$ cat target_27.cif   # mmCIF, N, CA and C atoms
data_entry
#
loop_
_atom_site.label_atom_id
_atom_site.label_comp_id
_atom_site.auth_asym_id
_atom_site.auth_seq_id
_atom_site.Cartn_x
_atom_site.Cartn_y
_atom_site.Cartn_z
N SER Z 997 -29.40 -59.76 63.91
CA SER Z 997 -28.55 -59.71 62.73
C SER Z 997 -28.30 -61.12 62.22
N SER Z 998 -28.08 -61.23 60.93
CA SER Z 998 -27.81 -62.54 60.33
C SER Z 998 -26.35 -62.94 60.46
N ARG Z 999 -25.51 -62.01 60.88
CA ARG Z 999 -24.09 -62.34 61.07
C ARG Z 999 -23.92 -63.19 62.32
N PRO Z 1000 -22.98 -64.12 62.28
CA PRO Z 1000 -22.70 -64.91 63.49
C PRO Z 1000 -22.19 -64.01 64.63
N VAL Z 1001 -22.41 -64.45 65.84
CA VAL Z 1001 -22.01 -63.69 67.01
C VAL Z 1001 -20.52 -63.36 66.97
N ALA Z 1002 -19.69 -64.31 66.57
CA ALA Z 1002 -18.25 -64.08 66.53
C ALA Z 1002 -17.89 -62.97 65.54
N ALA Z 1003 -18.55 -62.92 64.41
CA ALA Z 1003 -18.29 -61.87 63.42
C ALA Z 1003 -18.73 -60.51 63.97
N ARG Z 1004 -19.87 -60.48 64.64
CA ARG Z 1004 -20.33 -59.22 65.25
C ARG Z 1004 -19.36 -58.76 66.33
N TYR Z 1005 -18.79 -59.71 67.07
CA TYR Z 1005 -17.79 -59.37 68.09
C TYR Z 1005 -16.58 -58.69 67.45
N CYS Z 1006 -16.11 -59.20 66.32
CA CYS Z 1006 -14.96 -58.58 65.63
C CYS Z 1006 -15.30 -57.16 65.18
N VAL Z 1007 -16.50 -56.94 64.69
CA VAL Z 1007 -16.93 -55.60 64.30
C VAL Z 1007 -16.97 -54.68 65.52
N MET Z 1008 -17.47 -55.19 66.62
CA MET Z 1008 -17.55 -54.36 67.83
C MET Z 1008 -16.15 -53.99 68.35
N ARG Z 1009 -15.19 -54.88 68.20
CA ARG Z 1009 -13.81 -54.55 68.59
C ARG Z 1009 -13.29 -53.40 67.74
N HIS Z 1010 -13.60 -53.42 66.43
CA HIS Z 1010 -13.22 -52.34 65.51
C HIS Z 1010 -13.87 -51.04 65.99
N GLU Z 1011 -15.15 -51.08 66.26
CA GLU Z 1011 -15.87 -49.87 66.67
C GLU Z 1011 -15.41 -49.37 68.04
N ALA Z 1012 -15.00 -50.28 68.92
CA ALA Z 1012 -14.49 -49.87 70.23
C ALA Z 1012 -13.23 -49.02 70.09
N VAL Z 1013 -12.43 -49.30 69.07
CA VAL Z 1013 -11.25 -48.47 68.80
C VAL Z 1013 -11.68 -47.04 68.49
N HIS Z 1014 -12.75 -46.90 67.68
CA HIS Z 1014 -13.23 -45.56 67.36
C HIS Z 1014 -13.76 -44.84 68.61
N LEU Z 1015 -14.42 -45.57 69.50
CA LEU Z 1015 -14.87 -44.95 70.75
C LEU Z 1015 -13.68 -44.47 71.58
N ALA Z 1016 -12.64 -45.28 71.65
CA ALA Z 1016 -11.43 -44.87 72.38
C ALA Z 1016 -10.78 -43.66 71.72
N GLN Z 1017 -10.79 -43.61 70.40
CA GLN Z 1017 -10.24 -42.46 69.69
C GLN Z 1017 -11.03 -41.20 70.03
N PHE Z 1018 -12.35 -41.31 70.07
CA PHE Z 1018 -13.18 -40.15 70.44
C PHE Z 1018 -12.85 -39.69 71.86
N GLU Z 1019 -12.67 -40.64 72.78
CA GLU Z 1019 -12.31 -40.28 74.15
C GLU Z 1019 -10.96 -39.57 74.19
N ARG Z 1020 -10.01 -40.08 73.44
CA ARG Z 1020 -8.65 -39.55 73.43
C ARG Z 1020 -8.56 -38.20 72.72
N LEU Z 1021 -9.24 -38.06 71.59
CA LEU Z 1021 -9.09 -36.88 70.74
C LEU Z 1021 -10.23 -35.87 70.87
N GLY Z 1022 -11.36 -36.30 71.38
CA GLY Z 1022 -12.52 -35.43 71.48
C GLY Z 1022 -13.20 -35.27 70.13
N LEU Z 1023 -14.38 -34.70 70.16
CA LEU Z 1023 -15.16 -34.51 68.94
C LEU Z 1023 -14.45 -33.61 67.95
N VAL Z 1024 -13.87 -32.52 68.43
CA VAL Z 1024 -13.19 -31.59 67.53
C VAL Z 1024 -11.96 -32.25 66.91
N GLY Z 1025 -11.18 -32.94 67.72
CA GLY Z 1025 -9.98 -33.61 67.21
C GLY Z 1025 -10.31 -34.71 66.21
N MET Z 1026 -11.31 -35.53 66.53
CA MET Z 1026 -11.71 -36.59 65.60
C MET Z 1026 -12.25 -35.99 64.31
N SER Z 1027 -13.06 -34.96 64.44
CA SER Z 1027 -13.63 -34.33 63.24
C SER Z 1027 -12.53 -33.74 62.37
N ALA Z 1028 -11.56 -33.08 63.00
CA ALA Z 1028 -10.46 -32.49 62.23
C ALA Z 1028 -9.67 -33.57 61.50
N LEU Z 1029 -9.35 -34.65 62.20
CA LEU Z 1029 -8.59 -35.73 61.56
C LEU Z 1029 -9.40 -36.44 60.50
N TYR Z 1030 -10.64 -36.73 60.81
CA TYR Z 1030 -11.44 -37.55 59.91
C TYR Z 1030 -11.93 -36.79 58.69
N VAL Z 1031 -12.26 -35.54 58.87
CA VAL Z 1031 -12.89 -34.79 57.79
C VAL Z 1031 -11.95 -33.77 57.14
N LEU Z 1032 -11.10 -33.15 57.92
CA LEU Z 1032 -10.37 -32.00 57.41
C LEU Z 1032 -8.89 -32.20 57.12
N LEU Z 1033 -8.27 -33.29 57.53
CA LEU Z 1033 -6.83 -33.42 57.38
C LEU Z 1033 -6.49 -34.41 56.27
N PRO Z 1034 -5.88 -34.03 55.20
CA PRO Z 1034 -5.72 -32.66 54.76
C PRO Z 1034 -6.92 -32.18 53.96
N LEU Z 1035 -7.68 -33.08 53.39
CA LEU Z 1035 -8.84 -32.69 52.59
C LEU Z 1035 -9.97 -33.67 52.88
N PRO Z 1036 -11.21 -33.25 52.67
CA PRO Z 1036 -12.30 -34.21 52.86
C PRO Z 1036 -12.22 -35.39 51.90
N PHE Z 1037 -11.72 -35.19 50.68
CA PHE Z 1037 -11.58 -36.28 49.73
C PHE Z 1037 -10.19 -36.20 49.13
N GLY Z 1038 -9.75 -37.28 48.59
CA GLY Z 1038 -8.38 -37.36 48.13
C GLY Z 1038 -7.59 -38.12 49.17
N PHE Z 1039 -6.29 -37.96 49.19
CA PHE Z 1039 -5.50 -38.65 50.20
C PHE Z 1039 -5.77 -38.01 51.54
N ALA Z 1040 -6.40 -38.73 52.40
CA ALA Z 1040 -6.81 -38.21 53.71
C ALA Z 1040 -6.03 -38.95 54.79
N ALA Z 1041 -4.90 -38.40 55.18
CA ALA Z 1041 -4.02 -39.05 56.13
C ALA Z 1041 -4.70 -39.28 57.48
N GLY Z 1042 -5.46 -38.29 57.94
CA GLY Z 1042 -6.14 -38.43 59.23
C GLY Z 1042 -7.14 -39.56 59.23
N ARG Z 1043 -7.96 -39.60 58.21
CA ARG Z 1043 -8.97 -40.66 58.08
C ARG Z 1043 -8.29 -42.02 57.95
N ALA Z 1044 -7.23 -42.10 57.18
CA ALA Z 1044 -6.51 -43.36 57.01
C ALA Z 1044 -5.92 -43.84 58.34
N TRP Z 1045 -5.35 -42.93 59.10
CA TRP Z 1045 -4.76 -43.29 60.40
C TRP Z 1045 -5.84 -43.80 61.35
N ILE Z 1046 -6.96 -43.08 61.42
CA ILE Z 1046 -8.06 -43.48 62.29
C ILE Z 1046 -8.57 -44.86 61.90
N GLU Z 1047 -8.77 -45.07 60.63
CA GLU Z 1047 -9.30 -46.36 60.18
C GLU Z 1047 -8.27 -47.48 60.32
N TRP Z 1048 -6.98 -47.17 60.09
CA TRP Z 1048 -5.98 -48.23 60.23
C TRP Z 1048 -5.94 -48.74 61.65
N GLU Z 1049 -6.02 -47.84 62.64
CA GLU Z 1049 -6.03 -48.30 64.04
C GLU Z 1049 -7.18 -49.29 64.26
N ALA Z 1050 -8.34 -48.99 63.71
CA ALA Z 1050 -9.51 -49.85 63.90
C ALA Z 1050 -9.38 -51.15 63.11
N TYR Z 1051 -8.88 -51.09 61.89
CA TYR Z 1051 -8.74 -52.33 61.11
C TYR Z 1051 -7.63 -53.21 61.66
N ARG Z 1052 -6.65 -52.61 62.26
CA ARG Z 1052 -5.61 -53.38 62.96
C ARG Z 1052 -6.29 -54.25 64.03
N GLU Z 1053 -7.19 -53.63 64.78
CA GLU Z 1053 -7.93 -54.36 65.82
C GLU Z 1053 -8.82 -55.44 65.21
N THR Z 1054 -9.39 -55.17 64.05
CA THR Z 1054 -10.21 -56.17 63.36
C THR Z 1054 -9.38 -57.42 63.07
N VAL Z 1055 -8.16 -57.23 62.58
CA VAL Z 1055 -7.30 -58.37 62.26
C VAL Z 1055 -6.92 -59.12 63.54
N ILE Z 1056 -6.59 -58.39 64.60
CA ILE Z 1056 -6.23 -59.04 65.87
C ILE Z 1056 -7.42 -59.83 66.42
N ALA Z 1057 -8.61 -59.22 66.40
CA ALA Z 1057 -9.81 -59.91 66.89
C ALA Z 1057 -10.10 -61.15 66.04
N THR Z 1058 -9.93 -61.03 64.73
CA THR Z 1058 -10.15 -62.17 63.85
C THR Z 1058 -9.19 -63.30 64.19
N TRP Z 1059 -7.93 -62.96 64.44
CA TRP Z 1059 -6.93 -63.96 64.83
C TRP Z 1059 -7.38 -64.67 66.11
N GLN Z 1060 -7.83 -63.87 67.09
CA GLN Z 1060 -8.22 -64.45 68.38
C GLN Z 1060 -9.47 -65.32 68.27
N VAL Z 1061 -10.42 -64.92 67.45
CA VAL Z 1061 -11.69 -65.63 67.36
C VAL Z 1061 -11.62 -66.81 66.41
N TYR Z 1062 -11.06 -66.57 65.23
CA TYR Z 1062 -11.09 -67.58 64.17
C TYR Z 1062 -9.75 -68.25 63.90
N GLY Z 1063 -8.68 -67.66 64.40
CA GLY Z 1063 -7.37 -68.26 64.21
C GLY Z 1063 -6.50 -67.52 63.20
N ARG Z 1064 -5.26 -67.93 63.18
CA ARG Z 1064 -4.22 -67.32 62.34
C ARG Z 1064 -4.59 -67.29 60.86
N GLN Z 1065 -5.07 -68.40 60.34
CA GLN Z 1065 -5.38 -68.49 58.91
C GLN Z 1065 -6.46 -67.48 58.51
N ALA Z 1066 -7.46 -67.32 59.35
CA ALA Z 1066 -8.55 -66.39 59.04
C ALA Z 1066 -8.07 -64.94 59.05
N ALA Z 1067 -7.14 -64.63 59.94
CA ALA Z 1067 -6.64 -63.25 60.03
C ALA Z 1067 -5.88 -62.84 58.77
N GLY Z 1068 -5.29 -63.79 58.09
CA GLY Z 1068 -4.55 -63.47 56.87
C GLY Z 1068 -5.22 -63.95 55.60
N CYS Z 1069 -6.48 -64.34 55.70
CA CYS Z 1069 -7.15 -64.92 54.54
C CYS Z 1069 -7.35 -63.89 53.43
N PRO Z 1070 -7.31 -64.34 52.20
CA PRO Z 1070 -7.45 -63.42 51.06
C PRO Z 1070 -8.73 -62.59 51.10
N GLN Z 1071 -9.82 -63.15 51.57
CA GLN Z 1071 -11.09 -62.42 51.59
C GLN Z 1071 -11.04 -61.23 52.55
N LEU Z 1072 -10.51 -61.42 53.75
CA LEU Z 1072 -10.40 -60.32 54.70
C LEU Z 1072 -9.44 -59.26 54.18
N ARG Z 1073 -8.30 -59.70 53.66
CA ARG Z 1073 -7.32 -58.76 53.11
C ARG Z 1073 -7.94 -57.92 51.99
N ALA Z 1074 -8.64 -58.58 51.08
CA ALA Z 1074 -9.26 -57.87 49.96
C ALA Z 1074 -10.30 -56.87 50.45
N ASP Z 1075 -11.06 -57.26 51.47
CA ASP Z 1075 -12.08 -56.35 52.01
C ASP Z 1075 -11.43 -55.11 52.62
N ILE Z 1076 -10.37 -55.30 53.38
CA ILE Z 1076 -9.69 -54.16 54.00
C ILE Z 1076 -9.06 -53.26 52.93
N VAL Z 1077 -8.39 -53.85 51.97
CA VAL Z 1077 -7.79 -53.06 50.90
C VAL Z 1077 -8.86 -52.27 50.14
N ARG Z 1078 -9.97 -52.92 49.84
CA ARG Z 1078 -11.06 -52.25 49.12
C ARG Z 1078 -11.59 -51.05 49.91
N ARG Z 1079 -11.69 -51.20 51.21
CA ARG Z 1079 -12.21 -50.09 52.02
C ARG Z 1079 -11.26 -48.90 52.03
N PHE Z 1080 -9.97 -49.17 52.01
CA PHE Z 1080 -8.99 -48.07 52.02
C PHE Z 1080 -8.80 -47.45 50.64
N THR Z 1081 -9.10 -48.16 49.60
CA THR Z 1081 -8.84 -47.66 48.24
C THR Z 1081 -10.10 -47.27 47.49
N GLY Z 1082 -11.26 -47.51 48.08
CA GLY Z 1082 -12.52 -47.24 47.40
C GLY Z 1082 -13.34 -46.15 48.09
N PRO Z 1083 -14.63 -46.12 47.78
CA PRO Z 1083 -15.49 -45.04 48.25
C PRO Z 1083 -15.95 -45.15 49.70
N ASP Z 1084 -15.74 -46.29 50.36
CA ASP Z 1084 -16.30 -46.49 51.70
C ASP Z 1084 -15.92 -45.39 52.68
N TYR Z 1085 -14.71 -44.91 52.61
CA TYR Z 1085 -14.25 -43.87 53.53
C TYR Z 1085 -13.87 -42.60 52.76
N GLY Z 1086 -14.58 -42.32 51.69
CA GLY Z 1086 -14.37 -41.07 50.97
C GLY Z 1086 -13.13 -41.05 50.11
N TRP Z 1087 -12.84 -42.17 49.47
CA TRP Z 1087 -11.73 -42.20 48.52
C TRP Z 1087 -10.43 -41.68 49.14
N MET Z 1088 -9.88 -42.41 50.07
CA MET Z 1088 -8.62 -41.99 50.69
C MET Z 1088 -7.47 -42.05 49.69
N TRP Z 1089 -7.65 -42.73 48.60
CA TRP Z 1089 -6.68 -42.81 47.51
C TRP Z 1089 -5.33 -43.39 47.94
N LEU Z 1090 -5.37 -44.28 48.89
CA LEU Z 1090 -4.14 -45.01 49.21
C LEU Z 1090 -3.96 -46.11 48.17
N ARG Z 1091 -2.74 -46.45 47.92
CA ARG Z 1091 -2.47 -47.56 47.00
C ARG Z 1091 -2.76 -48.87 47.72
N GLY Z 1092 -3.30 -49.81 46.98
CA GLY Z 1092 -3.56 -51.12 47.56
C GLY Z 1092 -2.30 -51.76 48.11
N LYS Z 1093 -1.18 -51.54 47.43
CA LYS Z 1093 0.09 -52.12 47.88
C LYS Z 1093 0.51 -51.56 49.25
N THR Z 1094 0.15 -50.32 49.53
CA THR Z 1094 0.46 -49.71 50.82
C THR Z 1094 -0.29 -50.44 51.93
N ILE Z 1095 -1.55 -50.72 51.70
CA ILE Z 1095 -2.36 -51.42 52.70
C ILE Z 1095 -1.91 -52.87 52.81
N GLU Z 1096 -1.62 -53.51 51.68
CA GLU Z 1096 -1.12 -54.88 51.71
C GLU Z 1096 0.15 -54.98 52.55
N ALA Z 1097 1.06 -54.03 52.37
CA ALA Z 1097 2.32 -54.03 53.13
C ALA Z 1097 2.05 -53.85 54.62
N ALA Z 1098 1.12 -52.96 54.96
CA ALA Z 1098 0.77 -52.75 56.38
C ALA Z 1098 0.17 -54.03 56.96
N LEU Z 1099 -0.67 -54.70 56.21
CA LEU Z 1099 -1.25 -55.97 56.67
C LEU Z 1099 -0.16 -57.02 56.84
N ASP Z 1100 0.77 -57.09 55.91
CA ASP Z 1100 1.89 -58.04 56.03
C ASP Z 1100 2.70 -57.79 57.29
N ARG Z 1101 2.99 -56.52 57.56
CA ARG Z 1101 3.75 -56.17 58.78
C ARG Z 1101 2.98 -56.58 60.03
N LEU Z 1102 1.69 -56.28 60.05
CA LEU Z 1102 0.86 -56.64 61.21
C LEU Z 1102 0.85 -58.15 61.41
N LEU Z 1103 0.65 -58.91 60.35
CA LEU Z 1103 0.61 -60.37 60.48
C LEU Z 1103 1.96 -60.92 60.94
N MET Z 1104 3.06 -60.32 60.50
CA MET Z 1104 4.38 -60.75 60.98
C MET Z 1104 4.52 -60.46 62.48
N GLU Z 1105 4.04 -59.28 62.91
CA GLU Z 1105 4.07 -58.95 64.34
C GLU Z 1105 3.27 -59.98 65.14
N LEU Z 1106 2.12 -60.37 64.62
CA LEU Z 1106 1.28 -61.33 65.32
C LEU Z 1106 1.89 -62.72 65.32
N GLU Z 1107 2.66 -63.05 64.29
CA GLU Z 1107 3.38 -64.34 64.28
C GLU Z 1107 4.40 -64.38 65.41
N VAL Z 1108 5.09 -63.26 65.62
CA VAL Z 1108 6.13 -63.19 66.65
C VAL Z 1108 5.51 -63.17 68.05
N ALA Z 1109 4.45 -62.42 68.22
CA ALA Z 1109 3.78 -62.29 69.51
C ALA Z 1109 2.28 -62.47 69.30
N PRO Z 1110 1.83 -63.73 69.16
CA PRO Z 1110 0.41 -63.95 68.88
C PRO Z 1110 -0.49 -63.51 70.02
N PRO Z 1111 -1.63 -62.94 69.69
CA PRO Z 1111 -2.59 -62.60 70.75
C PRO Z 1111 -3.19 -63.87 71.32
N ALA Z 1112 -3.53 -63.81 72.58
CA ALA Z 1112 -4.13 -64.99 73.23
C ALA Z 1112 -5.48 -65.28 72.60
N PRO Z 1113 -5.76 -66.55 72.33
CA PRO Z 1113 -7.09 -66.87 71.80
C PRO Z 1113 -8.18 -66.58 72.84
N LEU Z 1114 -9.36 -66.26 72.36
CA LEU Z 1114 -10.48 -66.04 73.27
C LEU Z 1114 -11.06 -67.37 73.68
N ARG Z 1115 -11.55 -67.42 74.89
CA ARG Z 1115 -12.15 -68.69 75.39
C ARG Z 1115 -13.60 -68.50 75.65
#
$ encode --input "target_27.cif" --output "structure tokens"
Amino acid sequence: SSRPVAARYCVMRHEAVHLAQFERLGLVGMSALYVLLPLPFGFAAGRAWIEWEAYRETVIATWQVYGRQAAGCPQLRADIVRRFTGPDYGWMWLRGKTIEAALDRLLMELEVAPPAPLR
């Protein structure tokens, strides 16, 4: 891949959350949340919850790998907001401000209790 190893590591941390979700919820549970709750398209609370858990990990991994500034950088924030408000996950139709507020809360949590940097 042309992506740097550190960037691939952050993606793998995101995907590891999905693997843990599959272990916890099973195929039927994940399918119900991801595809059927409440609708396949439109505001999809299940899909949003599943993806938020994983993007939360993306931000934490970014903080650990690249530092505090990178975790809150405008480019990462815009990418996450775009994914929640656009077609990437089937138009969850969340407001960008909702995702921005969730990111702000997460970054404040990390300011209070920063994750240990990776060595």
$ resolve_selection --input "target_27.cif" --expression "the PyMOL selection byres ((chain Z and resi 1000-1012) around 8)" --output "list of chain:residue names"
Z:Ser997, Z:Ser998, Z:Arg999, Z:Val1013, Z:His1014, Z:Leu1015, Z:Ala1016, Z:Gln1017, Z:Phe1018, Z:Glu1049, Z:Ala1050, Z:Tyr1051, Z:Arg1052, Z:Glu1053, Z:Thr1054, Z:Val1055, Z:Ile1056, Z:Ala1057, Z:Thr1058, Z:Val1061, Z:Tyr1062
$ select_by_dssp --input "target_27.cif" --residues "chain Z" --states "helix (DSSP H, G or I)" --output "PyMOL selection string"
chain Z and resi 1001-1032+1041-1062+1064-1067+1070-1081+1083-1085+1092-1108
$ atom_distance --input "target_27.cif" --atom1 "atom C of Ala1044 in chain Z" --atom2 "atom N of Gln1071 in chain Z"
20.8 Å
$ residues_around --input "target_27.cif" --residues "Arg1064 in chain Z" --least-positions-apart "3" --cutoff "10 Å" --atoms "only C-alpha atoms" --output "PyMOL selection string"
chain Z and resi 1055-1056+1058-1061+1067-1069+1103+1106-1107+1110-1111+1113
$ atom_distance --input "target_27.cif" --atom1 "CA of Ser1027 in chain Z" --atom2 "CA of Arg1043 in chain Z"
9.4 Å
$ atom_distance --input "target_27.cif" --atom1 "atom C of Gly1092 in chain Z" --atom2 "atom C of Val1077 in chain Z"
6.9 Å
$ closest_residue --input "target_27.cif" --among "Z:Gly1063, Z:Pro1083, Z:Gly1025, Z:Pro1070" --to "Glu1096 in chain Z" --atoms "only C-alpha atoms"
Z:Pro1070
$ closest_residue --input "target_27.cif" --among "Z:Leu1029, Z:Ala1066, Z:Ala1109, Z:Leu1021" --to "Ile1046 in chain Z" --atoms "all atoms listed in the file"
Z:Leu1029
